[in-house]
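What follows is the content of upload_16.pdb (PDB, C-alpha atoms, pLDDT in the B column).
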MODEL        1
ATOM      1  CA  MET V   1     -15.821  -9.185 -13.508  1.00 55.00           C
ATOM      2  CA  GLU V   2     -16.372  -8.540  -9.804  1.00 69.00           C
ATOM      3  CA  LYS V   3     -14.762  -5.362  -8.522  1.00 79.00           C
ATOM      4  CA  GLN V   4     -11.835  -5.772  -6.133  1.00 87.00           C
ATOM      5  CA  PHE V   5     -10.878  -3.528  -3.229  1.00 87.00           C
ATOM      6  CA  ILE V   6      -7.247  -2.558  -2.620  1.00 90.00           C
ATOM      7  CA  LEU V   7      -6.494  -1.022   0.763  1.00 92.00           C
ATOM      8  CA  VAL V   8      -3.365   1.121   0.400  1.00 92.00           C
ATOM      9  CA  CYS V   9      -1.483   1.171   3.715  1.00 94.00           C
ATOM     10  CA  GLU V  10       1.399   3.193   5.096  1.00 92.00           C
ATOM     11  CA  ASP V  11       4.732   1.363   5.003  1.00 90.00           C
ATOM     12  CA  SER V  12       4.785   0.586   8.738  1.00 91.00           C
ATOM     13  CA  ASP V  13       3.512  -1.997  11.206  1.00 93.00           C
ATOM     14  CA  ILE V  14       0.810   0.409  12.372  1.00 95.00           C
ATOM     15  CA  GLY V  15      -0.202   1.208   8.803  1.00 95.00           C
ATOM     16  CA  ILE V  16      -0.583  -2.443   7.775  1.00 96.00           C
ATOM     17  CA  LEU V  17      -2.439  -3.488  10.935  1.00 97.00           C
ATOM     18  CA  THR V  18      -4.746  -0.509  10.503  1.00 97.00           C
ATOM     19  CA  GLY V  19      -5.480  -1.846   7.012  1.00 96.00           C
ATOM     20  CA  VAL V  20      -6.511  -5.176   8.523  1.00 96.00           C
ATOM     21  CA  TYR V  21      -8.836  -3.356  10.930  1.00 96.00           C
ATOM     22  CA  GLU V  22     -10.332  -1.232   8.139  1.00 95.00           C
ATOM     23  CA  ALA V  23     -11.100  -4.304   6.023  1.00 94.00           C
ATOM     24  CA  TYR V  24     -13.312  -5.610   8.835  1.00 95.00           C
ATOM     25  CA  GLU V  25     -14.737  -2.226   9.810  1.00 94.00           C
ATOM     26  CA  ARG V  26     -15.824  -1.503   6.225  1.00 92.00           C
ATOM     27  CA  ARG V  27     -17.361  -5.012   6.023  1.00 92.00           C
ATOM     28  CA  LEU V  28     -15.594  -5.753   2.765  1.00 88.00           C
ATOM     29  CA  SER V  29     -15.595  -9.265   1.346  1.00 91.00           C
ATOM     30  CA  HIS V  30     -12.216 -10.714   2.282  1.00 91.00           C
ATOM     31  CA  ASP V  31     -12.103 -12.810  -0.881  1.00 90.00           C
ATOM     32  CA  ILE V  32     -11.937  -9.733  -3.099  1.00 91.00           C
ATOM     33  CA  THR V  33     -10.034  -7.414  -0.721  1.00 92.00           C
ATOM     34  CA  PHE V  34      -6.270  -7.015  -0.732  1.00 93.00           C
ATOM     35  CA  LEU V  35      -3.760  -5.011   1.272  1.00 94.00           C
ATOM     36  CA  GLN V  36      -0.972  -3.112  -0.415  1.00 92.00           C
ATOM     37  CA  VAL V  37       1.924  -1.103   0.988  1.00 91.00           C
ATOM     38  CA  GLY V  38       2.207   2.245  -0.799  1.00 79.00           C
ATOM     39  CA  ASN V  39       0.714   3.118  -4.164  1.00 73.00           C
ATOM     40  CA  GLY V  40       2.842   0.667  -6.145  1.00 64.00           C
ATOM     41  CA  ASP V  41       3.724   0.853  -9.815  1.00 62.00           C
ATOM     42  CA  ASN V  42       1.072  -1.418 -11.317  1.00 67.00           C
ATOM     43  CA  LEU V  43      -2.615  -0.624 -10.955  1.00 67.00           C
ATOM     44  CA  ARG V  44      -5.124  -3.471 -11.133  1.00 71.00           C
ATOM     45  CA  LEU V  45      -8.062  -3.249 -13.502  1.00 71.00           C
ATOM     46  CA  PHE V  46     -11.609  -3.244 -12.092  1.00 77.00           C
ATOM     47  CA  SER V  47     -10.297  -2.319  -8.643  1.00 81.00           C
ATOM     48  CA  GLU V  48     -11.193   0.406  -6.166  1.00 85.00           C
ATOM     49  CA  TYR V  49      -8.208   1.810  -4.280  1.00 88.00           C
ATOM     50  CA  ILE V  50      -8.848   2.959  -0.716  1.00 90.00           C
ATOM     51  CA  THR V  51      -6.169   4.897   1.172  1.00 91.00           C
ATOM     52  CA  VAL V  52      -5.896   3.876   4.826  1.00 93.00           C
ATOM     53  CA  GLU V  53      -4.778   6.439   7.406  1.00 94.00           C
ATOM     54  CA  PRO V  54      -2.626   4.760  10.074  1.00 94.00           C
ATOM     55  CA  SER V  55      -4.069   4.566  13.571  1.00 96.00           C
ATOM     56  CA  SER V  56      -2.145   3.206  16.559  1.00 95.00           C
ATOM     57  CA  ILE V  57      -5.434   2.536  18.379  1.00 96.00           C
ATOM     58  CA  LYS V  58      -6.789   0.375  15.554  1.00 97.00           C
ATOM     59  CA  ALA V  59      -3.430  -1.404  15.168  1.00 96.00           C
ATOM     60  CA  GLU V  60      -3.336  -2.219  18.885  1.00 97.00           C
ATOM     61  CA  LYS V  61      -6.853  -3.665  18.677  1.00 97.00           C
ATOM     62  CA  VAL V  62      -5.752  -6.013  15.892  1.00 97.00           C
ATOM     63  CA  MET V  63      -2.664  -7.046  17.890  1.00 97.00           C
ATOM     64  CA  HIS V  64      -4.814  -7.671  20.963  1.00 97.00           C
ATOM     65  CA  THR V  65      -7.246  -9.823  18.948  1.00 96.00           C
ATOM     66  CA  VAL V  66      -4.415 -11.863  17.390  1.00 96.00           C
ATOM     67  CA  GLU V  67      -2.797 -12.498  20.774  1.00 96.00           C
ATOM     68  CA  LEU V  68      -6.134 -13.350  22.403  1.00 94.00           C
ATOM     69  CA  ARG V  69      -7.268 -15.746  19.655  1.00 94.00           C
ATOM     70  CA  PHE V  70      -3.993 -17.292  18.506  1.00 94.00           C
ATOM     71  CA  GLY V  71      -1.434 -16.692  21.260  1.00 94.00           C
ATOM     72  CA  LYS V  72       1.762 -14.707  21.804  1.00 95.00           C
ATOM     73  CA  GLU V  73       3.882 -16.873  19.505  1.00 95.00           C
ATOM     74  CA  THR V  74       1.614 -16.206  16.527  1.00 96.00           C
ATOM     75  CA  LEU V  75       1.647 -12.465  17.288  1.00 96.00           C
ATOM     76  CA  ARG V  76       5.465 -12.529  17.444  1.00 96.00           C
ATOM     77  CA  ILE V  77       5.693 -14.271  14.071  1.00 97.00           C
ATOM     78  CA  ILE V  78       3.272 -11.793  12.491  1.00 97.00           C
ATOM     79  CA  MET V  79       5.199  -8.801  13.873  1.00 96.00           C
ATOM     80  CA  GLU V  80       8.456 -10.243  12.579  1.00 96.00           C
ATOM     81  CA  ALA V  81       6.886 -10.798   9.160  1.00 97.00           C
ATOM     82  CA  LEU V  82       5.728  -7.174   9.104  1.00 96.00           C
ATOM     83  CA  GLY V  83       9.385  -6.170   9.387  1.00 94.00           C
ATOM     84  CA  SER V  84      10.187  -7.932   6.114  1.00 96.00           C
ATOM     85  CA  ALA V  85      11.175  -6.033   2.975  1.00 93.00           C
ATOM     86  CA  ASP V  86       8.832  -8.248   0.920  1.00 94.00           C
ATOM     87  CA  SER V  87       6.197  -6.151  -0.866  1.00 89.00           C
ATOM     88  CA  GLY V  88       3.549  -8.844  -0.312  1.00 93.00           C
ATOM     89  CA  ARG V  89       3.862  -8.982   3.463  1.00 95.00           C
ATOM     90  CA  ALA V  90       0.768  -6.845   4.149  1.00 96.00           C
ATOM     91  CA  ASP V  91      -1.607  -9.040   2.161  1.00 96.00           C
ATOM     92  CA  ALA V  92      -0.054 -12.259   3.513  1.00 97.00           C
ATOM     93  CA  VAL V  93      -0.564 -11.129   7.123  1.00 97.00           C
ATOM     94  CA  TYR V  94      -4.108  -9.961   6.328  1.00 97.00           C
ATOM     95  CA  LYS V  95      -5.044 -13.261   4.654  1.00 96.00           C
ATOM     96  CA  MET V  96      -3.514 -15.249   7.538  1.00 96.00           C
ATOM     97  CA  ILE V  97      -5.560 -13.336  10.126  1.00 96.00           C
ATOM     98  CA  VAL V  98      -8.732 -13.720   8.034  1.00 95.00           C
ATOM     99  CA  PHE V  99      -8.118 -17.455   7.712  1.00 95.00           C
ATOM    100  CA  GLY V 100      -7.615 -17.812  11.456  1.00 94.00           C
ATOM    101  CA  LEU V 101     -10.676 -15.781  12.439  1.00 94.00           C
ATOM    102  CA  ARG V 102     -12.898 -17.826  10.139  1.00 92.00           C
ATOM    103  CA  GLY V 103     -12.282 -20.663  12.565  1.00 86.00           C
ATOM    104  CA  LYS V 104     -12.143 -23.469  10.027  1.00 83.00           C
ATOM    105  CA  TYR V 105      -8.821 -24.712  11.386  1.00 84.00           C
ATOM    106  CA  HIS V 106      -9.074 -25.858  14.985  1.00 83.00           C
ATOM    107  CA  GLY V 107      -5.412 -26.446  15.702  1.00 83.00           C
ATOM    108  CA  LYS V 108      -2.577 -24.010  16.271  1.00 89.00           C
ATOM    109  CA  LEU V 109      -2.778 -21.409  13.487  1.00 92.00           C
ATOM    110  CA  ILE V 110       0.955 -21.395  12.694  1.00 92.00           C
ATOM    111  CA  ASP V 111       0.824 -25.179  12.269  1.00 92.00           C
ATOM    112  CA  CYS V 112      -1.659 -24.927   9.396  1.00 91.00           C
ATOM    113  CA  LEU V 113       0.819 -25.336   6.551  1.00 90.00           C
ATOM    114  CA  SER V 114      -1.968 -26.025   4.068  1.00 91.00           C
ATOM    115  CA  CYS V 115      -2.768 -22.289   4.117  1.00 93.00           C
ATOM    116  CA  ASP V 116      -0.547 -20.387   1.674  1.00 95.00           C
ATOM    117  CA  ALA V 117      -0.759 -17.174   3.710  1.00 96.00           C
ATOM    118  CA  VAL V 118       0.445 -18.924   6.868  1.00 96.00           C
ATOM    119  CA  VAL V 119       3.344 -20.501   4.989  1.00 97.00           C
ATOM    120  CA  LYS V 120       4.383 -17.140   3.544  1.00 97.00           C
ATOM    121  CA  VAL V 121       4.152 -15.298   6.868  1.00 97.00           C
ATOM    122  CA  ILE V 122       6.295 -17.947   8.558  1.00 97.00           C
ATOM    123  CA  ALA V 123       8.868 -17.720   5.739  1.00 97.00           C
ATOM    124  CA  LEU V 124       9.015 -13.920   6.049  1.00 97.00           C
ATOM    125  CA  SER V 125       9.319 -14.166   9.824  1.00 97.00           C
ATOM    126  CA  THR V 126      12.170 -16.676   9.521  1.00 97.00           C
ATOM    127  CA  ASN V 127      14.039 -14.421   7.104  1.00 96.00           C
ATOM    128  CA  VAL V 128      13.739 -11.420   9.436  1.00 96.00           C
ATOM    129  CA  TRP V 129      14.682 -13.566  12.455  1.00 95.00           C
ATOM    130  CA  HIS V 130      17.869 -14.744  10.772  1.00 94.00           C
ATOM    131  CA  GLU V 131      18.923 -11.201   9.917  1.00 96.00           C
ATOM    132  CA  TYR V 132      18.477  -9.653  13.330  1.00 94.00           C
ATOM    133  CA  HIS V 133      20.105 -12.627  15.032  1.00 93.00           C
ATOM    134  CA  HIS V 134      23.067 -12.178  12.699  1.00 94.00           C
ATOM    135  CA  LEU V 135      23.224  -8.523  13.670  1.00 94.00           C
ATOM    136  CA  TYR V 136      23.209  -9.350  17.385  1.00 91.00           C
ATOM    137  CA  GLY V 137      26.685 -10.747  16.882  1.00 91.00           C
ATOM    138  CA  PHE V 138      27.966  -8.682  13.965  1.00 93.00           C
ATOM    139  CA  ILE V 139      27.188  -5.132  15.114  1.00 94.00           C
ATOM    140  CA  ARG V 140      30.355  -3.240  16.047  1.00 94.00           C
ATOM    141  CA  PHE V 141      30.032  -0.164  18.249  1.00 95.00           C
ATOM    142  CA  GLU V 142      32.619   2.594  18.139  1.00 94.00           C
ATOM    143  CA  GLU V 143      33.132   4.985  21.036  1.00 95.00           C
ATOM    144  CA  LEU V 144      33.037   8.582  19.811  1.00 94.00           C
ATOM    145  CA  LYS V 145      34.913  11.440  21.452  1.00 93.00           C
ATOM    146  CA  ASN V 146      31.694  12.543  23.160  1.00 92.00           C
ATOM    147  CA  GLY V 147      31.362   9.104  24.786  1.00 92.00           C
ATOM    148  CA  ILE V 148      28.420   7.894  22.665  1.00 94.00           C
ATOM    149  CA  LEU V 149      28.609   4.382  21.221  1.00 95.00           C
ATOM    150  CA  TYR V 150      27.854   4.524  17.499  1.00 95.00           C
ATOM    151  CA  SER V 151      27.239   1.831  14.899  1.00 94.00           C
ATOM    152  CA  VAL V 152      26.107   1.682  11.270  1.00 93.00           C
ATOM    153  CA  VAL V 153      24.240  -1.266   9.726  1.00 95.00           C
ATOM    154  CA  HIS V 154      22.768  -1.946   6.283  1.00 95.00           C
ATOM    155  CA  ALA V 155      19.782  -4.183   7.035  1.00 95.00           C
ATOM    156  CA  LYS V 156      17.593  -5.667   4.308  1.00 95.00           C
ATOM    157  CA  ASN V 157      14.580  -5.836   6.620  1.00 96.00           C
ATOM    158  CA  ARG V 158      13.225  -3.468   9.258  1.00 93.00           C
ATOM    159  CA  VAL V 159      14.917  -5.093  12.230  1.00 94.00           C
ATOM    160  CA  MET V 160      15.619  -2.032  14.389  1.00 93.00           C
ATOM    161  CA  PRO V 161      12.772  -2.655  16.885  1.00 90.00           C
ATOM    162  CA  PHE V 162      14.146  -6.133  17.620  1.00 91.00           C
ATOM    163  CA  LEU V 163      17.690  -4.783  17.966  1.00 93.00           C
ATOM    164  CA  GLY V 164      16.382  -2.090  20.304  1.00 92.00           C
ATOM    165  CA  GLU V 165      15.016  -4.610  22.792  1.00 89.00           C
ATOM    166  CA  HIS V 166      18.248  -6.605  22.734  1.00 92.00           C
ATOM    167  CA  PHE V 167      20.811  -3.839  23.091  1.00 94.00           C
ATOM    168  CA  ALA V 168      18.782  -1.777  25.575  1.00 93.00           C
ATOM    169  CA  ASN V 169      18.782  -4.817  27.874  1.00 92.00           C
ATOM    170  CA  ARG V 170      22.464  -5.486  27.215  1.00 92.00           C
ATOM    171  CA  PHE V 171      23.702  -1.899  27.613  1.00 93.00           C
ATOM    172  CA  PRO V 172      21.189  -0.184  29.936  1.00 93.00           C
ATOM    173  CA  ASN V 173      23.795   2.269  31.240  1.00 93.00           C
ATOM    174  CA  GLU V 174      25.192   3.330  27.859  1.00 94.00           C
ATOM    175  CA  ASN V 175      24.309   6.077  25.415  1.00 96.00           C
ATOM    176  CA  PHE V 176      24.278   4.525  21.963  1.00 96.00           C
ATOM    177  CA  ILE V 177      22.994   5.051  18.425  1.00 94.00           C
ATOM    178  CA  ILE V 178      22.538   2.394  15.738  1.00 95.00           C
ATOM    179  CA  TYR V 179      21.964   3.850  12.295  1.00 94.00           C
ATOM    180  CA  ASP V 180      20.331   1.724   9.591  1.00 94.00           C
ATOM    181  CA  GLU V 181      21.519   3.451   6.449  1.00 92.00           C
ATOM    182  CA  ASN V 182      19.311   1.417   4.097  1.00 93.00           C
ATOM    183  CA  HIS V 183      16.097   2.530   5.798  1.00 92.00           C
ATOM    184  CA  ASN V 184      17.408   5.873   7.145  1.00 91.00           C
ATOM    185  CA  ILE V 185      16.321   4.983  10.684  1.00 92.00           C
ATOM    186  CA  CYS V 186      18.193   5.585  13.942  1.00 93.00           C
ATOM    187  CA  LEU V 187      17.827   3.566  17.116  1.00 94.00           C
ATOM    188  CA  VAL V 188      18.627   5.911  20.002  1.00 94.00           C
ATOM    189  CA  HIS V 189      19.187   4.939  23.633  1.00 95.00           C
ATOM    190  CA  SER V 190      20.078   7.208  26.550  1.00 94.00           C
ATOM    191  CA  THR V 191      21.393   5.973  29.897  1.00 93.00           C
ATOM    192  CA  GLY V 192      18.555   4.774  32.116  1.00 86.00           C
ATOM    193  CA  LYS V 193      15.849   5.671  29.568  1.00 91.00           C
ATOM    194  CA  GLU V 194      13.723   3.843  27.024  1.00 93.00           C
ATOM    195  CA  TRP V 195      15.081   3.436  23.499  1.00 95.00           C
ATOM    196  CA  PHE V 196      13.243   4.945  20.562  1.00 94.00           C
ATOM    197  CA  LEU V 197      13.397   5.084  16.773  1.00 92.00           C
ATOM    198  CA  ALA V 198      14.025   8.336  14.937  1.00 90.00           C
ATOM    199  CA  ASP V 199      14.211   9.479  11.338  1.00 88.00           C
ATOM    200  CA  GLY V 200      17.829   9.246  10.284  1.00 85.00           C
ATOM    201  CA  SER V 201      17.601  12.605   8.516  1.00 82.00           C
ATOM    202  CA  PHE V 202      18.567  14.363  11.757  1.00 78.00           C
ATOM    203  CA  LEU V 203      21.881  12.485  11.747  1.00 78.00           C
ATOM    204  CA  GLN V 204      24.336  14.594   9.782  1.00 73.00           C
ATOM    205  CA  LYS V 205      27.366  12.453   9.074  1.00 71.00           C
ATOM    206  CA  GLU V 206      29.723  15.392   8.785  1.00 69.00           C
ATOM    207  CA  ASN V 207      28.854  16.395  12.364  1.00 73.00           C
ATOM    208  CA  ILE V 208      29.474  12.965  13.901  1.00 82.00           C
ATOM    209  CA  PRO V 209      32.548  13.239  16.169  1.00 84.00           C
ATOM    210  CA  GLU V 210      35.626  11.179  15.434  1.00 91.00           C
ATOM    211  CA  ILE V 211      36.289   8.043  17.451  1.00 91.00           C
ATOM    212  CA  SER V 212      38.031   8.495  20.795  1.00 93.00           C
ATOM    213  CA  ASP V 213      41.761   7.862  21.226  1.00 93.00           C
ATOM    214  CA  ARG V 214      40.975   4.870  23.426  1.00 94.00           C
ATOM    215  CA  GLU V 215      38.691   3.439  20.735  1.00 93.00           C
ATOM    216  CA  ALA V 216      41.422   3.860  18.108  1.00 93.00           C
ATOM    217  CA  ARG V 217      43.901   1.900  20.237  1.00 94.00           C
ATOM    218  CA  ILE V 218      41.364  -0.852  20.965  1.00 93.00           C
ATOM    219  CA  GLN V 219      40.485  -1.182  17.268  1.00 92.00           C
ATOM    220  CA  GLU V 220      44.156  -1.496  16.374  1.00 92.00           C
ATOM    221  CA  LEU V 221      44.665  -4.213  18.975  1.00 92.00           C
ATOM    222  CA  PHE V 222      41.470  -6.000  17.966  1.00 90.00           C
ATOM    223  CA  CYS V 223      42.429  -6.096  14.276  1.00 90.00           C
ATOM    224  CA  TYR V 224      45.903  -7.309  15.192  1.00 90.00           C
ATOM    225  CA  PHE V 225      44.363 -10.036  17.363  1.00 90.00           C
ATOM    226  CA  CYS V 226      42.075 -11.185  14.520  1.00 86.00           C
ATOM    227  CA  GLN V 227      45.051 -11.410  12.170  1.00 85.00           C
ATOM    228  CA  THR V 228      47.333 -13.292  14.549  1.00 88.00           C
ATOM    229  CA  ILE V 229      44.846 -16.008  15.524  1.00 87.00           C
ATOM    230  CA  SER V 230      44.134 -16.819  11.877  1.00 83.00           C
ATOM    231  CA  ILE V 231      45.828 -19.958  10.548  1.00 83.00           C
ATOM    232  CA  ARG V 232      46.218 -19.405   6.826  1.00 83.00           C
ATOM    233  CA  GLU V 233      46.611 -23.106   6.029  1.00 83.00           C
ATOM    234  CA  ARG V 234      43.246 -23.847   7.629  1.00 87.00           C
ATOM    235  CA  GLU V 235      41.237 -21.057   6.080  1.00 85.00           C
ATOM    236  CA  ASN V 236      37.880 -22.151   4.665  1.00 88.00           C
ATOM    237  CA  SER V 237      36.406 -19.201   2.776  1.00 87.00           C
ATOM    238  CA  SER V 238      33.163 -20.962   1.775  1.00 90.00           C
ATOM    239  CA  LEU V 239      32.399 -21.879   5.397  1.00 89.00           C
ATOM    240  CA  GLN V 240      33.288 -18.350   6.508  1.00 87.00           C
ATOM    241  CA  LYS V 241      30.792 -16.921   4.018  1.00 88.00           C
ATOM    242  CA  GLN V 242      28.075 -19.224   5.374  1.00 88.00           C
ATOM    243  CA  MET V 243      28.749 -18.202   8.971  1.00 89.00           C
ATOM    244  CA  LEU V 244      29.447 -14.533   8.189  1.00 89.00           C
ATOM    245  CA  PRO V 245      27.836 -13.352   4.921  1.00 90.00           C
ATOM    246  CA  LEU V 246      29.819 -10.815   2.917  1.00 91.00           C
ATOM    247  CA  ARG V 247      27.145  -8.125   3.144  1.00 91.00           C
ATOM    248  CA  PHE V 248      27.746  -7.694   6.879  1.00 93.00           C
ATOM    249  CA  ARG V 249      31.506  -7.257   6.628  1.00 91.00           C
ATOM    250  CA  SER V 250      31.610  -3.699   5.346  1.00 91.00           C
ATOM    251  CA  ASP V 251      30.205  -2.561   8.717  1.00 92.00           C
ATOM    252  CA  MET V 252      32.638  -4.634  10.805  1.00 92.00           C
ATOM    253  CA  ILE V 253      35.844  -3.061  12.087  1.00 90.00           C
ATOM    254  CA  GLU V 254      38.005  -6.131  11.546  1.00 88.00           C
ATOM    255  CA  PHE V 255      37.172  -6.273   7.807  1.00 87.00           C
ATOM    256  CA  ARG V 256      37.749  -2.610   6.945  1.00 79.00           C
TER
ENDMDL
END

Once more with this new file: its structure as structure tokens, please.
Amino acid sequence: MEKQFILVCEDSDIGILTGVYEAYERRLSHDITFLQVGNGDNLRLFSEYITVEPSSIKAEKVMHTVELRFGKETLRIIMEALGSADSGRADAVYKMIVFGLRGKYHGKLIDCLSCDAVVKVIALSTNVWHEYHHLYGFIRFEELKNGILYSVVHAKNRVMPFLGEHFANRFPNENFIIYDENHNICLVHSTGKEWFLADGSFLQKENIPEISDREARIQELFCYFCQTISIRERENSSLQKQMLPLRFRSDMIEFR
């Protein structure tokens, strides 16, 4: 049996894209080469495992090539797919890029639905897109006593970079923090500065200030408003769950 090569990548966009670069740089046969995030639990027989050290320079080269050859839309879809929680996202993105660079399909790469890798990457991208667009509307900031706006989310996928672009444009003059408890990542934005991601370990919950008095009054009024506009006879719980899935509600003030 022919030996396979497994490139073990860091669990990050840079790590996975570096894996793609390494597969080409090492001149490995793409048909017997696979990308994997982390060591994983199951080892494949007759396989050589190669650990890939993440490199932002190599990752940027892959991004530049994808944008140059296939366009900005394809790059956006790939980056969204890389934010997925799916363990197979690295290999799907790698196989999609390999398929495109082989040049056998002359149309728009993301339109080639006969390629399994393309179909999977689009599905992963769609899943991530739906989650961060949900969060655009469902995130609830609370004003702390120190004036910082603070919010907690429990995202399935790594959507913080997409949320960063949105809320930095929406609140450029605010200091805010969005904490993704599932991934232990903080999105931090200071007034007039660029947002950045930080390890959530620095965020000690016991040291987070209480909400301000003004915030407490606004929350009380907001919850009262939500209750009074509801018409019990017209409630449609199944439709509500479609429009506002239950998993988002624990982080929303009006459902506490």

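Atom pair atom CA of V:Asn169 / atom CA of V:Glu194 has a distance of 10.1 Å (rounded to one decimal).
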
TODO: Considering only C-alpha atoms, return as a ChimeraX atom specification whatever protein or nucleic-acid residues lie within 8 Å of stretch 83-100 of chain V, sequence-local ones (same chain, fewer than 4 positions apart) excluded.
DONE: /V:13,16,20,30,34-37,66,70,78-79,104-105,109,115,117-118,120-121,124-125,127-128,156-159

Report as a short mmCIF file (atom, residue, chain, number, x, y, z; two decimals) with C-alpha atoms, keeping the file's coordinate frame all protein, DNA and RNA residues lying within 9 Å of V:His189, evaluated on all atoms listed in the file, omitting residues in the same chain fewer than 2 positions from it.
data_model
loop_
_atom_site.label_atom_id
_atom_site.label_comp_id
_atom_site.auth_asym_id
_atom_site.auth_seq_id
_atom_site.Cartn_x
_atom_site.Cartn_y
_atom_site.Cartn_z
CA GLY V 164 16.38 -2.09 20.30
CA PHE V 167 20.81 -3.84 23.09
CA ALA V 168 18.78 -1.78 25.58
CA PRO V 172 21.19 -0.18 29.94
CA GLU V 174 25.19 3.33 27.86
CA ASN V 175 24.31 6.08 25.42
CA PHE V 176 24.28 4.53 21.96
CA ILE V 177 22.99 5.05 18.42
CA ILE V 178 22.54 2.39 15.74
CA LEU V 187 17.83 3.57 17.12
CA THR V 191 21.39 5.97 29.90
CA GLY V 192 18.56 4.77 32.12
CA LYS V 193 15.85 5.67 29.57
CA GLU V 194 13.72 3.84 27.02
CA TRP V 195 15.08 3.44 23.50
CA PHE V 196 13.24 4.94 20.56
CA LEU V 197 13.40 5.08 16.77
#

TODO: Name the closest residue to V:Ser201 among the candidates V:Ile139, V:Cys226, V:Ile185, V:Ile218; distances are taken between atoms, counting all atoms listed in the file.
DONE: V:Ile185

Task: Distance in Å - atom CA of V:Val153 versus atom CA of V:Glu181 - done: 6.4 Å
